[in-house]
file final-v3.cif (mmCIF, C-alpha atoms and all ligand atoms)
data_final
#
loop_
_atom_site.label_atom_id
_atom_site.label_comp_id
_atom_site.auth_asym_id
_atom_site.auth_seq_id
_atom_site.Cartn_x
_atom_site.Cartn_y
_atom_site.Cartn_z
CA MET A 903 255.11 50.68 250.10
CA ASP A 904 253.67 50.67 253.62
CA ALA A 905 252.79 53.71 255.73
CA VAL A 906 256.18 53.69 257.51
CA GLY A 907 258.03 53.77 254.18
CA TRP A 908 255.90 56.67 252.92
CA ASP A 909 256.37 58.48 256.23
CA LEU A 910 260.15 58.40 255.79
CA LYS A 911 259.96 59.55 252.18
CA PHE A 912 257.57 62.44 252.82
CA ARG A 913 259.43 63.50 255.95
CA SER A 914 262.77 63.64 254.18
CA LEU A 915 261.17 65.76 251.44
CA CYS A 916 259.31 68.13 253.80
CA GLY A 917 261.91 68.42 256.57
CA ASN A 918 260.44 70.44 259.42
CA LEU A 919 258.26 72.57 257.14
CA ILE A 920 255.23 70.32 257.71
CA PRO A 921 254.22 68.91 261.12
CA GLN A 922 254.73 65.18 261.41
CA ASP A 923 251.10 64.54 262.36
CA LEU A 924 249.82 66.30 259.23
CA ILE A 925 252.09 64.16 257.04
CA ARG A 926 251.00 61.01 258.85
CA TYR A 927 247.25 61.63 258.48
CA CYS A 928 247.61 62.70 254.84
CA ILE A 929 249.42 59.43 254.10
CA TYR A 930 246.66 57.48 255.85
CA SER A 931 243.82 59.33 254.10
CA ASN A 932 245.42 59.48 250.62
CA GLY A 933 246.01 55.73 250.96
CA LEU A 934 242.21 55.31 250.84
CA ASN A 935 241.93 57.15 247.48
CA ASP A 936 241.25 55.51 244.11
CA PRO A 937 244.28 53.81 242.48
CA ALA A 938 245.28 56.86 240.37
CA HIS A 939 245.47 59.18 243.42
CA GLN A 940 247.39 57.13 245.95
CA ASN A 941 250.52 58.22 247.82
CA ASP A 942 252.79 57.62 244.80
CA HIS A 943 250.88 60.32 242.88
CA ILE A 944 250.86 62.64 245.93
CA TYR A 945 254.60 62.15 246.38
CA GLN A 946 255.33 62.99 242.71
CA VAL A 947 253.25 66.15 243.04
CA CYS A 948 255.14 67.13 246.23
CA VAL A 949 258.53 66.54 244.55
CA LEU A 950 257.61 68.65 241.52
CA GLY A 951 256.06 71.32 243.77
CA ALA A 952 259.34 71.53 245.73
CA ASP A 953 261.31 71.70 242.44
CA ILE A 954 259.17 74.59 241.22
CA CYS A 955 259.82 76.41 244.52
CA ASN A 956 263.55 75.95 243.89
CA HIS A 957 263.23 77.29 240.33
CA LEU A 958 261.39 80.34 241.64
CA GLU A 959 263.81 80.70 244.57
CA LEU A 960 260.95 80.84 247.07
CA GLY A 961 261.57 80.94 250.82
CA ASP A 962 260.55 78.40 253.46
CA ASP A 963 257.13 79.93 254.19
CA ASP A 964 256.00 79.60 250.57
CA ARG A 965 257.62 76.18 250.27
CA ALA A 966 255.70 74.96 253.34
CA MET A 967 252.40 76.19 251.85
CA VAL A 968 253.13 74.53 248.50
CA LEU A 969 254.00 71.24 250.19
CA ALA A 970 250.87 71.39 252.36
CA GLY A 971 248.72 72.06 249.27
CA CYS A 972 250.37 69.21 247.35
CA LEU A 973 249.85 66.83 250.30
CA MET A 974 246.16 67.69 250.71
CA HIS A 975 244.95 68.54 247.16
CA ASP A 976 243.45 65.09 246.50
CA LEU A 977 242.18 64.24 250.02
CA GLY A 978 238.61 64.34 248.66
CA CYS A 979 239.23 61.52 246.14
CA ARG A 980 238.54 59.00 248.86
CA TYR A 981 234.91 60.18 248.97
CA ASP A 982 234.04 61.33 245.44
CA ARG A 983 236.25 61.83 242.38
CA LYS A 984 233.85 64.24 240.73
CA THR A 985 233.75 66.81 243.52
CA HIS A 986 237.06 65.94 245.18
CA HIS A 987 238.50 69.48 244.91
CA LEU A 988 235.55 70.83 246.95
CA ILE A 989 235.92 68.12 249.56
CA SER A 990 239.71 68.67 249.72
CA TYR A 991 239.08 72.39 250.29
CA GLY A 992 237.01 71.64 253.40
CA LEU A 993 239.20 68.83 254.64
CA ALA A 994 242.31 71.01 254.34
CA TYR A 995 240.97 73.35 257.08
CA SER A 996 240.01 70.44 259.26
CA PHE A 997 243.37 68.68 258.79
CA MET A 998 245.27 71.89 259.56
CA ASP A 999 243.16 72.42 262.69
CA ASN A 1000 243.61 68.88 263.91
CA TYR A 1001 247.14 68.03 262.85
CA ALA A 1002 248.96 71.34 262.32
CA ASN A 1003 247.39 73.58 264.91
CA GLY A 1004 249.10 77.00 264.99
CA HIS A 1005 251.63 76.02 262.31
CA PHE A 1006 250.11 78.16 259.55
CA SER A 1007 248.69 81.68 259.91
CA PRO A 1008 245.03 82.25 258.95
CA GLU A 1009 246.13 83.86 255.65
CA GLU A 1010 248.42 80.91 254.93
CA GLN A 1011 245.59 78.50 255.66
CA LEU A 1012 243.42 80.34 253.12
CA LYS A 1013 246.13 80.08 250.47
CA ILE A 1014 246.68 76.38 251.15
CA ALA A 1015 242.97 75.51 251.12
CA HIS A 1016 242.47 77.50 247.89
CA SER A 1017 245.31 75.57 246.25
CA CYS A 1018 243.29 72.39 246.90
CA LEU A 1019 240.12 73.99 245.54
CA GLN A 1020 241.80 75.32 242.37
CA HIS A 1021 244.14 72.45 241.41
CA ARG A 1022 242.04 70.81 238.69
CA ALA A 1023 242.44 71.32 234.94
CA SER A 1024 238.75 72.26 234.85
CA PHE A 1025 239.40 75.33 237.05
CA LYS A 1026 238.95 78.41 234.88
CA GLY A 1027 239.11 81.40 237.23
CA ALA A 1028 242.07 83.44 238.43
CA PHE A 1029 244.30 81.73 240.96
CA TYR A 1030 243.86 82.94 244.54
CA SER A 1031 247.66 83.09 244.96
CA THR A 1032 250.92 81.80 243.49
CA ILE A 1033 250.57 78.80 245.83
CA SER A 1034 247.49 77.69 243.88
CA GLU A 1035 249.28 78.09 240.56
CA ILE A 1036 252.26 76.03 241.73
CA VAL A 1037 250.11 73.20 243.14
CA ALA A 1038 248.01 73.10 239.92
CA LEU A 1039 251.17 72.98 237.83
CA ALA A 1040 252.80 70.30 240.00
CA ASP A 1041 249.63 68.20 239.70
CA ARG A 1042 249.82 68.34 235.86
CA GLY A 1043 253.37 66.95 235.92
CA MET A 1044 256.25 67.68 233.57
CA PRO A 1045 255.70 67.63 229.81
CA ASP A 1046 256.19 63.96 228.96
CA PHE A 1047 255.20 62.63 225.53
CA ASP A 1048 255.51 58.96 226.51
CA ALA A 1049 253.47 59.38 229.69
CA TYR A 1050 250.61 61.15 227.87
CA ALA A 1051 250.69 58.71 224.94
CA THR A 1052 250.77 55.74 227.33
CA ARG A 1053 247.63 56.96 229.06
CA ALA A 1054 245.90 57.49 225.70
CA VAL A 1055 246.89 53.99 224.49
CA GLN A 1056 245.75 52.38 227.76
CA PHE A 1057 242.42 54.17 227.49
CA ARG A 1058 241.83 52.62 224.04
CA LEU A 1059 243.32 49.15 224.59
CA GLY A 1060 239.98 47.46 225.28
CA GLU A 1061 238.35 48.76 222.09
CA VAL A 1062 241.15 49.06 219.53
CA SER A 1063 243.61 46.34 218.56
CA ASP A 1064 244.60 47.38 215.01
CA PRO A 1065 247.96 49.22 215.37
CA ASP A 1066 247.19 51.78 212.63
CA VAL A 1067 243.81 52.66 214.11
CA MET A 1068 245.44 52.97 217.54
CA VAL A 1069 248.19 55.28 216.32
CA GLU A 1070 245.73 57.45 214.43
CA GLY A 1071 243.35 57.72 217.40
CA VAL A 1072 246.08 58.52 219.93
CA LEU A 1073 247.77 61.12 217.75
CA GLN A 1074 244.50 62.79 216.85
CA HIS A 1075 243.65 63.02 220.55
CA MET A 1076 247.08 64.41 221.44
CA LEU A 1077 247.00 66.95 218.62
CA GLU A 1078 243.56 68.17 219.69
CA LYS A 1079 244.86 68.53 223.22
CA PHE A 1080 248.40 69.85 222.76
CA THR A 1081 248.68 71.62 219.38
CA PRO A 1082 250.30 74.95 220.24
CA VAL A 1083 247.87 77.78 220.98
CA GLU A 1084 244.57 76.13 219.95
CA GLY A 1085 244.94 72.78 221.81
CA TYR A 1086 242.37 72.57 224.60
CA ALA A 1087 245.00 71.73 227.22
CA TRP A 1088 246.40 75.23 226.87
CA LYS A 1089 243.16 76.93 227.80
CA THR A 1090 243.65 76.18 231.48
CA TYR A 1091 247.38 75.39 231.67
CA PRO A 1092 249.09 77.57 234.30
CA LEU A 1093 251.07 80.36 232.59
CA MET A 1094 253.92 79.71 234.97
CA GLY A 1095 254.37 76.24 233.42
CA LYS A 1096 254.77 77.61 229.90
CA ARG A 1097 257.59 79.77 231.18
CA LEU A 1098 259.30 77.30 233.53
CA PHE A 1099 259.06 74.30 231.20
CA ALA A 1100 259.48 76.18 227.91
CA GLN A 1101 262.30 73.93 226.71
CA GLU A 1102 260.51 70.70 227.68
CA TRP A 1103 257.32 71.86 225.91
CA GLU A 1104 259.32 72.74 222.81
CA GLU A 1105 260.81 69.23 222.66
CA PHE A 1106 257.36 67.74 223.28
CA THR A 1107 255.79 69.83 220.49
CA ASN A 1108 258.58 69.07 218.01
CA LEU A 1109 257.94 65.37 218.49
CA LEU A 1110 254.15 65.72 218.38
CA LEU A 1111 254.24 67.72 215.13
CA ASP A 1112 256.60 65.27 213.39
CA PRO A 1113 254.07 62.73 212.00
CA ASN A 1114 256.59 59.93 211.36
CA LYS A 1115 258.47 60.16 214.63
CA ALA A 1116 255.28 60.58 216.68
CA ALA A 1117 253.62 57.59 214.98
CA GLU A 1118 256.71 55.45 215.55
CA ARG A 1119 256.75 56.31 219.24
CA VAL A 1120 253.05 55.56 219.75
CA LYS A 1121 253.38 52.29 217.81
CA ALA A 1122 256.25 51.18 220.07
CA LEU A 1123 254.25 52.06 223.20
CA HIS A 1124 251.23 50.15 221.85
CA ILE A 1125 253.35 47.01 221.34
CA GLN A 1126 254.81 47.41 224.82
CA LEU A 1127 251.41 47.82 226.45
CA THR A 1128 249.56 45.07 224.56
CA PRO A 1129 249.28 42.03 226.86
CA SER A 1130 250.93 38.97 225.27
CA GLU A 1131 248.59 36.01 224.67
FE FE A 1201 242.89 66.12 241.86
FE FE A 1202 246.40 65.18 241.98
#
call {"tool": "encode", "arguments": {"input": "final-v3.cif", "output": "structure tokens"}}
result
Amino acid sequence: MDAVGWDLKFRSLCGNLIPQDLIRYCIYSNGLNDPAHQNDHIYQVCVLGADICNHLELGDDDRAMVLAGCLMHDLGCRYDRKTHHLISYGLAYSFMDNYANGHFSPEEQLKIAHSCLQHRASFKGAFYSTISEIVALADRGMPDFDAYATRAVQFRLGEVSDPDVMVEGVLQHMLEKFTPVEGYAWKTYPLMGKRLFAQEWEEFTNLLLDPNKAAERVKALHIQLTPSE
């Protein structure tokens, strides 16, 4: 999709909560990110962020901050993936100064910039505000067994071709990450997500902990994702 197409999509999602210039420059800058953090990812995060605001029945001021955080959280990816949250934190102030001057109060700007700083799964501290927690949660996405398994299969495709070895490797990885309570994904998962997506996580866990069903699903994804010769 070109910049004009993205502009229409983001504008219809944000309405008048975000200045047009800010949307435009975020689209331009995010378009220079690595392939996994392009505008399609940013748009998904904005949509889920807006959904979470609806769930929590938040007003327009909070919704605007969440959308601004979602739009700017990955701005730093264009420069360096490893430290992108730090770069996004700085760029957020500069983008708000240049393209949204006077739109957000100083306190709102702090909350928005912190949501960029604190969005990564590696963040271990306490969230600066609810805005940070919502942006971090929106960035993780909804619980989705197929999406997580697909990523794990793709990651192994170059090294593993035997279907049984693939299934075992993917499931072991997913169990280490998502087994209730002790899985490492839970150590930094926003509490709000456990509450808001309780039903989705339950369905996800039921599938993950059913060895036959889970193996079948991963096997099917492996076949789908293996390039035909
Ligand atoms: Fe990120
Ligand atoms: Fe992201």
call {"tool": "atom_distance", "arguments": {"input": "final-v3.cif", "atom1": "CA of Gly951 (chain A)", "atom2": "CA of His986 (chain A)"}}
result
19.8 Å
call {"tool": "closest_atom_pairs", "arguments": {"input": "final-v3.cif", "of": "chain A", "to": "ligand FE 1202 (chain A)", "cutoff": "9 Å", "atoms": "all atoms listed in the file", "output": "JSON lines"}}
result
{"residue": "A:Ala938", "atom": "CA", "partner": "A:FE1202", "partner_atom": "FE", "distance": 8.5}
{"residue": "A:His939", "atom": "CA", "partner": "A:FE1202", "partner_atom": "FE", "distance": 6.2}
{"residue": "A:His943", "atom": "CA", "partner": "A:FE1202", "partner_atom": "FE", "distance": 6.7}
{"residue": "A:Ile944", "atom": "CA", "partner": "A:FE1202", "partner_atom": "FE", "distance": 6.5}
{"residue": "A:Val947", "atom": "CA", "partner": "A:FE1202", "partner_atom": "FE", "distance": 7.0}
{"residue": "A:Cys972", "atom": "CA", "partner": "A:FE1202", "partner_atom": "FE", "distance": 7.8}
{"residue": "A:His975", "atom": "CA", "partner": "A:FE1202", "partner_atom": "FE", "distance": 6.3}
{"residue": "A:Asp976", "atom": "CA", "partner": "A:FE1202", "partner_atom": "FE", "distance": 5.4}
{"residue": "A:His1021", "atom": "CA", "partner": "A:FE1202", "partner_atom": "FE", "distance": 7.6}
{"residue": "A:Arg1022", "atom": "CA", "partner": "A:FE1202", "partner_atom": "FE", "distance": 7.8}
{"residue": "A:Val1037", "atom": "CA", "partner": "A:FE1202", "partner_atom": "FE", "distance": 8.9}
{"residue": "A:Ala1038", "atom": "CA", "partner": "A:FE1202", "partner_atom": "FE", "distance": 8.3}
{"residue": "A:Ala1040", "atom": "CA", "partner": "A:FE1202", "partner_atom": "FE", "distance": 8.4}
{"residue": "A:Asp1041", "atom": "CA", "partner": "A:FE1202", "partner_atom": "FE", "distance": 5.0}
{"residue": "A:Arg1042", "atom": "CA", "partner": "A:FE1202", "partner_atom": "FE", "distance": 7.7}
call {"tool": "atom_distance", "arguments": {"input": "final-v3.cif", "atom1": "CA of Pro1065 (chain A)", "atom2": "CA of Leu1127 (chain A)"}}
result
11.7 Å
call {"tool": "atom_distance", "arguments": {"input": "final-v3.cif", "atom1": "CA of Ala1028 (chain A)", "atom2": "CA of Thr1090 (chain A)"}}
result
10.2 Å
call {"tool": "closest_residue", "arguments": {"input": "final-v3.cif", "among": "A:Thr985, A:Thr1128, A:Gln1074, A:Asn1114", "to": "ligand FE 1201 (chain A)", "atoms": "only C-alpha atoms and all ligand atoms"}}
result
A:Thr985
